[in-house]
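Engineer: This is coords-v1.csv, which holds CSV, C-alpha atoms:
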chain,number,residue,atom,x,y,z
A,117,MET,CA,-30.8,26.5,15.4
A,118,SER,CA,-34.6,26.5,15.7
A,119,PHE,CA,-34.7,22.7,16.2
A,120,HIS,CA,-33.2,23.3,19.7
A,121,THR,CA,-35.9,25.7,20.8
A,122,ASP,CA,-39.0,25.7,18.6
A,123,PRO,CA,-41.2,22.6,18.9
A,124,GLU,CA,-43.0,23.2,15.6
A,125,ALA,CA,-39.9,24.0,13.6
A,126,ALA,CA,-38.2,21.0,15.2
A,127,ALA,CA,-41.0,18.7,14.1
A,128,ARG,CA,-40.4,19.7,10.5
A,129,SER,CA,-36.6,19.4,10.8
A,130,GLN,CA,-34.3,16.6,9.9
A,131,PHE,CA,-34.5,15.5,13.6
A,132,GLY,CA,-38.3,15.2,13.7
A,133,GLY,CA,-38.5,17.0,17.1
A,134,LEU,CA,-36.7,19.0,19.6
A,135,ILE,CA,-33.1,18.0,20.4
A,136,ALA,CA,-30.7,19.4,22.9
A,137,SER,CA,-27.9,21.6,21.5
A,138,GLY,CA,-24.4,20.2,21.5
A,139,TRP,CA,-23.3,22.7,24.1
A,140,HIS,CA,-26.2,21.9,26.3
A,141,VAL,CA,-25.1,18.3,26.1
A,142,GLY,CA,-21.6,19.5,26.9
A,143,GLY,CA,-22.9,21.2,30.0
A,144,ILE,CA,-24.6,18.0,31.1
A,145,PHE,CA,-21.3,16.1,30.6
A,146,MET,CA,-19.4,18.7,32.6
A,147,ARG,CA,-21.9,18.6,35.5
A,148,LEU,CA,-21.6,14.8,35.8
A,149,PHE,CA,-17.8,14.8,35.2
A,150,ALA,CA,-17.3,17.5,37.8
A,151,ASP,CA,-19.6,16.1,40.5
A,152,HIS,CA,-18.6,12.4,40.2
A,153,TYR,CA,-15.0,12.5,38.9
A,154,LEU,CA,-13.1,15.8,39.1
A,155,THR,CA,-14.1,16.7,42.6
A,156,THR,CA,-13.0,13.3,43.9
A,157,VAL,CA,-9.4,13.8,42.6
A,158,ALA,CA,-6.9,16.6,42.8
A,159,SER,CA,-8.0,18.4,39.6
A,160,LEU,CA,-5.9,21.5,38.9
A,161,ALA,CA,-7.1,22.7,35.5
A,162,SER,CA,-7.7,21.5,32.0
A,163,PRO,CA,-5.9,22.5,28.8
A,164,GLY,CA,-8.9,21.4,26.7
A,165,LEU,CA,-10.6,18.5,25.0
A,166,ASP,CA,-9.0,16.3,22.4
A,167,GLU,CA,-12.3,15.4,20.7
A,168,LEU,CA,-16.0,15.9,21.2
A,169,ARG,CA,-18.6,13.9,19.1
A,170,TRP,CA,-22.3,14.4,19.0
A,171,ASN,CA,-23.3,11.0,17.7
A,172,ALA,CA,-27.1,11.0,18.2
A,173,PRO,CA,-29.8,13.4,19.4
A,174,VAL,CA,-30.6,14.0,23.0
A,175,ARG,CA,-34.4,14.5,23.3
A,176,PRO,CA,-36.6,15.9,26.0
A,177,GLY,CA,-37.1,13.4,28.9
A,178,ASP,CA,-33.9,11.4,28.1
A,179,ARG,CA,-31.9,10.2,31.1
A,180,LEU,CA,-28.1,10.4,30.7
A,181,ARG,CA,-25.4,8.8,32.7
A,182,LEU,CA,-21.6,9.1,32.3
A,183,ARG,CA,-19.0,6.3,31.8
A,184,THR,CA,-15.4,7.3,32.0
A,185,THR,CA,-12.3,5.4,30.8
A,186,THR,CA,-8.8,6.6,31.5
A,187,VAL,CA,-7.0,6.4,28.2
A,188,GLU,CA,-3.6,8.0,28.9
A,189,THR,CA,-1.6,9.2,31.9
A,190,ARG,CA,1.8,10.9,31.9
A,191,LEU,CA,3.8,13.2,34.1
A,192,SER,CA,4.0,16.9,33.2
A,193,ARG,CA,7.2,17.8,31.4
A,194,SER,CA,7.3,21.3,32.9
A,195,LYS,CA,5.7,21.0,36.3
A,196,PRO,CA,6.8,18.2,38.6
A,197,ASP,CA,3.7,18.6,40.9
A,198,ARG,CA,1.2,17.3,38.3
A,199,GLY,CA,0.4,14.8,35.7
A,200,LEU,CA,-1.8,14.9,32.6
A,201,VAL,CA,-4.7,12.5,32.4
A,202,LYS,CA,-6.8,11.8,29.3
A,203,THR,CA,-10.3,10.4,29.9
A,204,LYS,CA,-12.7,9.1,27.4
A,205,ALA,CA,-16.2,10.1,28.6
A,206,GLU,CA,-19.4,8.6,27.2
A,207,LEU,CA,-22.8,9.9,27.8
A,208,ILE,CA,-25.2,7.0,27.7
A,209,ASN,CA,-29.0,7.3,27.5
A,210,GLN,CA,-31.9,5.1,28.8
A,211,HIS,CA,-31.7,3.0,25.7
A,212,ASP,CA,-28.0,2.3,26.2
A,213,ALA,CA,-27.2,4.4,23.2
A,214,VAL,CA,-24.2,6.8,23.3
A,215,PRO,CA,-25.3,10.3,22.1
A,216,ALA,CA,-22.0,11.9,22.9
A,217,THR,CA,-18.3,11.0,23.5
A,218,ILE,CA,-15.6,13.4,24.8
A,219,VAL,CA,-11.9,12.9,25.2
A,220,ALA,CA,-11.1,15.3,28.2
A,221,VAL,CA,-7.6,16.3,29.2
A,222,ASN,CA,-7.0,17.3,32.8
A,223,PHE,CA,-4.0,18.2,35.0
A,224,ILE,CA,-4.1,16.2,38.2
A,225,ALA,CA,-1.9,16.9,41.2
A,226,ARG,CA,0.7,14.2,42.2
A,227,ARG,CA,1.0,12.8,45.7
A,228,PRO,CA,3.7,14.7,47.7
A,229,ARG,CA,7.0,12.8,47.7
B,298,MET,CA,-14.1,25.1,40.6
B,299,SER,CA,-14.1,28.0,43.0
B,300,PHE,CA,-11.8,30.1,40.9
B,301,HIS,CA,-14.7,30.5,38.4
B,302,THR,CA,-17.2,31.9,41.0
B,303,ASP,CA,-15.6,33.0,44.3
B,304,PRO,CA,-13.5,36.2,44.0
B,305,GLU,CA,-11.6,35.6,47.3
B,306,ALA,CA,-10.8,31.9,46.6
B,307,ALA,CA,-9.9,32.9,43.0
B,308,ALA,CA,-7.4,35.5,44.3
B,309,ARG,CA,-5.6,32.8,46.3
B,310,SER,CA,-5.7,30.3,43.3
B,311,GLN,CA,-3.0,29.6,40.7
B,312,PHE,CA,-4.8,32.1,38.5
B,313,GLY,CA,-4.7,35.0,40.9
B,314,GLY,CA,-8.3,36.0,40.3
B,315,LEU,CA,-11.6,35.0,38.7
B,316,ILE,CA,-11.4,33.3,35.3
B,317,ALA,CA,-14.2,32.2,33.1
B,318,SER,CA,-14.8,28.4,33.0
B,319,GLY,CA,-13.9,26.6,29.8
B,320,TRP,CA,-17.5,25.9,29.0
B,321,HIS,CA,-18.4,29.6,29.5
B,322,VAL,CA,-15.7,30.4,26.9
B,323,GLY,CA,-17.2,27.7,24.7
B,324,GLY,CA,-20.5,29.4,24.9
B,325,ILE,CA,-19.0,32.7,23.9
B,326,PHE,CA,-17.3,31.0,21.0
B,327,MET,CA,-20.6,29.4,19.9
B,328,ARG,CA,-22.5,32.7,20.1
B,329,LEU,CA,-20.0,34.4,17.8
B,330,PHE,CA,-19.7,31.4,15.5
B,331,ALA,CA,-23.5,31.1,15.2
B,332,ASP,CA,-24.2,34.8,14.7
B,333,HIS,CA,-21.4,35.6,12.3
B,334,TYR,CA,-20.7,32.4,10.5
B,335,LEU,CA,-23.2,29.5,10.7
B,336,THR,CA,-26.3,31.6,10.1
B,337,THR,CA,-24.8,33.1,7.0
B,338,VAL,CA,-24.2,29.7,5.4
B,339,ALA,CA,-26.4,26.6,5.0
B,340,SER,CA,-25.5,24.9,8.2
B,341,LEU,CA,-27.2,21.6,8.7
B,342,ALA,CA,-25.7,20.1,11.9
B,343,SER,CA,-22.4,19.4,13.5
B,344,PRO,CA,-20.9,16.0,14.4
B,345,GLY,CA,-18.6,17.6,17.0
B,346,LEU,CA,-15.3,19.3,17.6
B,347,ASP,CA,-11.9,17.9,16.6
B,348,GLU,CA,-10.1,19.8,19.3
B,349,LEU,CA,-10.7,22.5,21.9
B,350,ARG,CA,-7.8,24.2,23.7
B,351,TRP,CA,-8.0,26.6,26.6
B,352,ASN,CA,-4.6,28.3,26.3
B,353,ALA,CA,-4.9,31.3,28.7
B,354,PRO,CA,-7.4,32.7,31.2
B,355,VAL,CA,-10.4,34.8,30.2
B,356,ARG,CA,-10.9,37.4,32.9
B,357,PRO,CA,-13.8,39.8,33.8
B,358,GLY,CA,-13.9,42.7,31.4
B,359,ASP,CA,-12.0,40.9,28.6
B,360,ARG,CA,-13.3,41.7,25.1
B,361,LEU,CA,-13.2,38.7,22.8
B,362,ARG,CA,-13.5,38.5,19.0
B,363,LEU,CA,-13.5,35.5,16.7
B,364,ARG,CA,-11.2,34.7,13.8
B,365,THR,CA,-12.1,31.6,11.6
B,366,THR,CA,-9.9,29.8,9.1
B,367,THR,CA,-11.3,27.0,6.9
B,368,VAL,CA,-8.9,24.1,7.2
B,369,GLU,CA,-10.6,21.3,5.3
B,370,THR,CA,-13.6,20.8,3.0
B,371,ARG,CA,-14.9,17.5,1.5
B,372,LEU,CA,-18.1,16.1,0.2
B,373,SER,CA,-20.1,13.8,2.4
B,374,ARG,CA,-19.6,10.1,1.6
B,375,SER,CA,-23.1,9.1,2.5
B,376,LYS,CA,-25.2,12.2,1.8
B,377,PRO,CA,-24.8,13.9,-1.6
B,378,ASP,CA,-26.7,17.0,-0.4
B,379,ARG,CA,-23.9,18.2,1.9
B,380,GLY,CA,-20.3,18.7,2.6
B,381,LEU,CA,-18.1,18.6,5.7
B,382,VAL,CA,-16.2,21.8,6.6
B,383,LYS,CA,-13.6,22.0,9.3
B,384,THR,CA,-13.0,25.4,10.7
B,385,LYS,CA,-10.2,26.6,13.0
B,386,ALA,CA,-11.7,29.2,15.3
B,387,GLU,CA,-9.6,31.5,17.5
B,388,LEU,CA,-10.9,33.6,20.3
B,389,ILE,CA,-8.7,36.7,20.5
B,390,ASN,CA,-8.7,39.2,23.4
B,391,GLN,CA,-8.1,42.9,23.6
B,392,HIS,CA,-4.4,42.2,24.0
B,393,ASP,CA,-4.3,40.2,20.8
B,394,ALA,CA,-3.7,37.0,22.9
B,395,VAL,CA,-5.6,33.8,21.9
B,396,PRO,CA,-7.2,32.3,25.1
B,397,ALA,CA,-9.0,29.6,23.1
B,398,THR,CA,-8.8,27.7,19.9
B,399,ILE,CA,-11.4,25.2,18.5
B,400,VAL,CA,-11.5,23.0,15.5
B,401,ALA,CA,-15.2,22.8,14.6
B,402,VAL,CA,-16.7,20.3,12.2
B,403,ASN,CA,-19.9,21.3,10.4
B,404,PHE,CA,-22.2,19.8,7.7
B,405,ILE,CA,-23.0,22.5,5.2
B,406,ALA,CA,-25.6,22.1,2.4
B,407,ARG,CA,-24.3,22.0,-1.2
B,408,ARG,CA,-25.8,24.2,-3.9
B,409,PRO,CA,-28.6,22.4,-5.8
B,410,ARG,CA,-27.3,20.9,-9.1
Could you take the file, read its structure, and then write that structure out as structure tokens?
Structural biologist:
Amino acid sequence: MSFHTDPEAAARSQFGGLIASGWHVGGIFMRLFADHYLTTVASLASPGLDELRWNAPVRPGDRLRLRTTTVETRLSRSKPDRGLVKTKAELINQHDAVPATIVAVNFIARRPR
Amino acid sequence: MSFHTDPEAAARSQFGGLIASGWHVGGIFMRLFADHYLTTVASLASPGLDELRWNAPVRPGDRLRLRTTTVETRLSRSKPDRGLVKTKAELINQHDAVPATIVAVNFIARRPR
């Protein structure tokens, strides 16, 4: 969409200026989530996302931080070495607005018994 | 994760070789979805995804195609110029397996009345 890449077209668009694409925002989420969460736990893989919402535009110069809340944990039914953890992730900007929320699902290794 | 970028570490991993990251697969989905679907309709924006599932690995050399199924349509409650369309998208590989499915939500312009 031209409002992601063309400043003049973006100025005329419903957003009034350039905004990041949703997948660009997803990439920012994943960088923060990987660096500050997944690499500090025994992450094995992910079966997907339960939900992704782009609630408000991300604009040039915005500063985003990540807040995570664990919303569900359960043991894997098929693989006894791991559990499934669902995490609500919120990207928060410098105005304390929340332009994106994601419910991520991850397989995390259990402690050896 | 090193199984996305390091062939030797990937060979020793649970996946037995390099696999594309989930967000890489998301980018492939979006390229196909934008080029062959969104740009042929009056797409206005997207509030997000209802679900994203990475069901099986995508490996180097795989060829992916996209199948879309419209699963829900309704008029916007707040904006009479548009409707909301939910689309189930399946990425299908050269073996007819489905490594990823996505339920995308899009605002599509209505015909003028």
Engineer: Counting only C-alpha atoms, which of A:Ala213, A:Leu191, A:Ala220, A:Val201 gets nearest to chain B?
Structural biologist: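 Ranking A:Ala213, A:Leu191, A:Ala220, A:Val201 by distance to chain B, first place goes to A:Ala220.
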Engineer: Contacts from chain A to chain B, 7 Å maximum, all atoms listed in the file: show me the residue list as JSON, numbers by chain.
Structural biologist: {"A": [163, 164, 165, 166, 167, 168, 169, 170, 171]}
Engineer: Using the selection just defined, write its residues with C-alpha atoms as a short mmCIF file (atom, residue, chain, number, x, y, z; two decimals), keeping the file's coordinate frame.
Structural biologist:
data_model
loop_
_atom_site.label_atom_id
_atom_site.label_comp_id
_atom_site.auth_asym_id
_atom_site.auth_seq_id
_atom_site.Cartn_x
_atom_site.Cartn_y
_atom_site.Cartn_z
CA PRO A 163 -5.90 22.50 28.80
CA GLY A 164 -8.90 21.40 26.70
CA LEU A 165 -10.60 18.50 25.00
CA ASP A 166 -9.00 16.30 22.40
CA GLU A 167 -12.30 15.40 20.70
CA LEU A 168 -16.00 15.90 21.20
CA ARG A 169 -18.60 13.90 19.10
CA TRP A 170 -22.30 14.40 19.00
CA ASN A 171 -23.30 11.00 17.70
#
Engineer: Under the rule that all atoms listed in the file are counted, which of B:Leu361, B:Arg374, B:Ile405, B:Glu369 is the nearest residue to His392 (chain B)?
Structural biologist: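 Answer, going by the shortest atom-to-atom distance: B:Leu361.
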Engineer: Kindly give the distance, in Å, that separates CA of Val187 (chain A) and CA of Leu200 (chain A), rounded to a single decimal.
Structural biologist: 10.9 Å
Engineer: Once chain A is superposed on chain B with a least-squares fit on all C-alpha pairs taken in order, can you show it as a short mmCIF file (atom, residue, chain, number, x, y, z; two decimals) with C-alpha atoms, in the coordinates of the input?
Structural biologist:
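Below is the file that was written, out.cif:
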data_model
loop_
_atom_site.label_atom_id
_atom_site.label_comp_id
_atom_site.auth_asym_id
_atom_site.auth_seq_id
_atom_site.Cartn_x
_atom_site.Cartn_y
_atom_site.Cartn_z
CA MET A 117 -14.04 25.11 40.53
CA SER A 118 -14.19 27.98 43.03
CA PHE A 119 -11.82 30.13 40.92
CA HIS A 120 -14.71 30.54 38.40
CA THR A 121 -17.16 31.88 40.95
CA ASP A 122 -15.57 32.99 44.22
CA PRO A 123 -13.53 36.20 44.03
CA GLU A 124 -11.63 35.53 47.26
CA ALA A 125 -10.86 31.91 46.52
CA ALA A 126 -9.85 32.94 43.00
CA ALA A 127 -7.39 35.49 44.34
CA ARG A 128 -5.61 32.76 46.25
CA SER A 129 -5.66 30.33 43.30
CA GLN A 130 -3.06 29.56 40.73
CA PHE A 131 -4.85 32.11 38.44
CA GLY A 132 -4.64 35.03 40.88
CA GLY A 133 -8.30 36.03 40.21
CA LEU A 134 -11.51 35.05 38.71
CA ILE A 135 -11.40 33.36 35.29
CA ALA A 136 -14.18 32.23 33.06
CA SER A 137 -14.83 28.46 32.93
CA GLY A 138 -13.88 26.62 29.78
CA TRP A 139 -17.50 25.96 28.97
CA HIS A 140 -18.41 29.54 29.47
CA VAL A 141 -15.71 30.37 26.98
CA GLY A 142 -17.18 27.69 24.74
CA GLY A 143 -20.54 29.38 24.94
CA ILE A 144 -18.99 32.69 23.94
CA PHE A 145 -17.33 30.98 20.93
CA MET A 146 -20.62 29.39 19.92
CA ARG A 147 -22.53 32.70 20.14
CA LEU A 148 -20.02 34.45 17.85
CA PHE A 149 -19.66 31.42 15.50
CA ALA A 150 -23.42 31.09 15.21
CA ASP A 151 -24.26 34.78 14.73
CA HIS A 152 -21.42 35.68 12.31
CA TYR A 153 -20.64 32.39 10.51
CA LEU A 154 -23.17 29.55 10.76
CA THR A 155 -26.24 31.61 10.14
CA THR A 156 -24.73 33.11 6.99
CA VAL A 157 -24.23 29.63 5.39
CA ALA A 158 -26.42 26.60 4.97
CA SER A 159 -25.46 24.90 8.27
CA LEU A 160 -27.22 21.56 8.74
CA ALA A 161 -25.69 20.12 11.91
CA SER A 162 -22.38 19.35 13.49
CA PRO A 163 -20.90 15.96 14.36
CA GLY A 164 -18.60 17.57 16.96
CA LEU A 165 -15.31 19.32 17.53
CA ASP A 166 -11.94 17.90 16.62
CA GLU A 167 -10.06 19.84 19.32
CA LEU A 168 -10.71 22.51 21.90
CA ARG A 169 -7.78 24.26 23.76
CA TRP A 170 -8.01 26.63 26.64
CA ASN A 171 -4.65 28.31 26.27
CA ALA A 172 -4.94 31.29 28.67
CA PRO A 173 -7.46 32.68 31.16
CA VAL A 174 -10.39 34.80 30.20
CA ARG A 175 -10.90 37.43 32.95
CA PRO A 176 -13.75 39.71 33.82
CA GLY A 177 -13.97 42.74 31.43
CA ASP A 178 -12.03 40.99 28.59
CA ARG A 179 -13.29 41.65 25.07
CA LEU A 180 -13.21 38.63 22.73
CA ARG A 181 -13.50 38.47 19.02
CA LEU A 182 -13.50 35.40 16.73
CA ARG A 183 -11.18 34.62 13.75
CA THR A 184 -12.09 31.67 11.64
CA THR A 185 -9.94 29.74 9.13
CA THR A 186 -11.34 27.01 6.94
CA VAL A 187 -8.92 24.15 7.26
CA GLU A 188 -10.61 21.30 5.35
CA THR A 189 -13.59 20.81 3.04
CA ARG A 190 -14.86 17.56 1.54
CA LEU A 191 -18.07 16.14 0.20
CA SER A 192 -20.10 13.77 2.39
CA ARG A 193 -19.54 10.14 1.53
CA SER A 194 -23.10 9.15 2.48
CA LYS A 195 -25.23 12.16 1.72
CA PRO A 196 -24.84 13.88 -1.64
CA ASP A 197 -26.68 17.08 -0.44
CA ARG A 198 -23.90 18.18 1.96
CA GLY A 199 -20.29 18.63 2.57
CA LEU A 200 -18.16 18.58 5.72
CA VAL A 201 -16.26 21.71 6.63
CA LYS A 202 -13.56 21.98 9.30
CA THR A 203 -12.93 25.46 10.73
CA LYS A 204 -10.21 26.54 13.01
CA ALA A 205 -11.71 29.18 15.35
CA GLU A 206 -9.62 31.48 17.52
CA LEU A 207 -10.91 33.60 20.25
CA ILE A 208 -8.73 36.66 20.50
CA ASN A 209 -8.75 39.14 23.40
CA GLN A 210 -8.03 42.93 23.65
CA HIS A 211 -4.37 42.22 24.01
CA ASP A 212 -4.27 40.15 20.83
CA ALA A 213 -3.70 37.05 22.85
CA VAL A 214 -5.53 33.80 21.93
CA PRO A 215 -7.19 32.31 25.08
CA ALA A 216 -8.94 29.58 23.19
CA THR A 217 -8.77 27.67 19.85
CA ILE A 218 -11.44 25.24 18.53
CA VAL A 219 -11.42 23.03 15.49
CA ALA A 220 -15.24 22.83 14.63
CA VAL A 221 -16.71 20.35 12.20
CA ASN A 222 -19.94 21.27 10.46
CA PHE A 223 -22.17 19.80 7.71
CA ILE A 224 -22.96 22.45 5.15
CA ALA A 225 -25.59 22.06 2.45
CA ARG A 226 -24.39 21.99 -1.24
CA ARG A 227 -25.83 24.22 -3.93
CA PRO A 228 -28.63 22.39 -5.86
CA ARG A 229 -27.32 20.94 -9.13
#
Engineer: What is the distance between CA of Pro354 (chain B) and CA of Arg183 (chain A), in Å to one decimal?
Structural biologist: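 The value is 28.8 Å.
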Engineer: When you look at Thr367 (chain B) with a cut-off of 8 Å (counting only C-alpha atoms), what residues show up, excluding the ones that are within fewer than 4 positions of it in the same chain? I need them as a list in words.
Structural biologist: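 With the cut-off at 8 Å, the set is Val382, Lys383, Thr384 and Lys385 of chain B.
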Engineer: Let's have the selection written as a PDB file, in the frame of the given file, with C-alpha atoms.
Structural biologist:
ATOM      1  CA  VAL B 382     -16.200  21.800   6.600  1.00  0.00           C
ATOM      2  CA  LYS B 383     -13.600  22.000   9.300  1.00  0.00           C
ATOM      3  CA  THR B 384     -13.000  25.400  10.700  1.00  0.00           C
ATOM      4  CA  LYS B 385     -10.200  26.600  13.000  1.00  0.00           C
TER       5      LYS B 385
END
Engineer: Taking into account only C-alpha atoms, which residue in the set B:Thr370, B:Val355, B:Ala386, B:Ala306 is nearest to Phe326 (chain B)?
Structural biologist: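 Looking only at the distances to Phe326 (chain B), the closest residue turns out to be B:Ala386.
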Engineer: Which residue gives the smallest distance to Leu134 (chain A) among A:Thr185, A:Thr121, A:Ser194, A:Gln210, with all atoms listed in the file counted?
Structural biologist: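 Smallest distance to Leu134 (chain A) is found for A:Thr121.
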Engineer: Quick one: distance from CA of Asn403 (chain B) to CA of His333 (chain B) in Å, one decimal?
Structural biologist: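 One can read the CA of Asn403 (chain B) to CA of His333 (chain B) distance as 14.5 Å.
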Engineer: Compare B:Gly380, B:Leu388, B:Asp393, B:Pro357 by their minimum atom-to-atom distance to Ala406 (chain B), counting all atoms listed in the file, and give me the closest one.
Structural biologist: B:Gly380
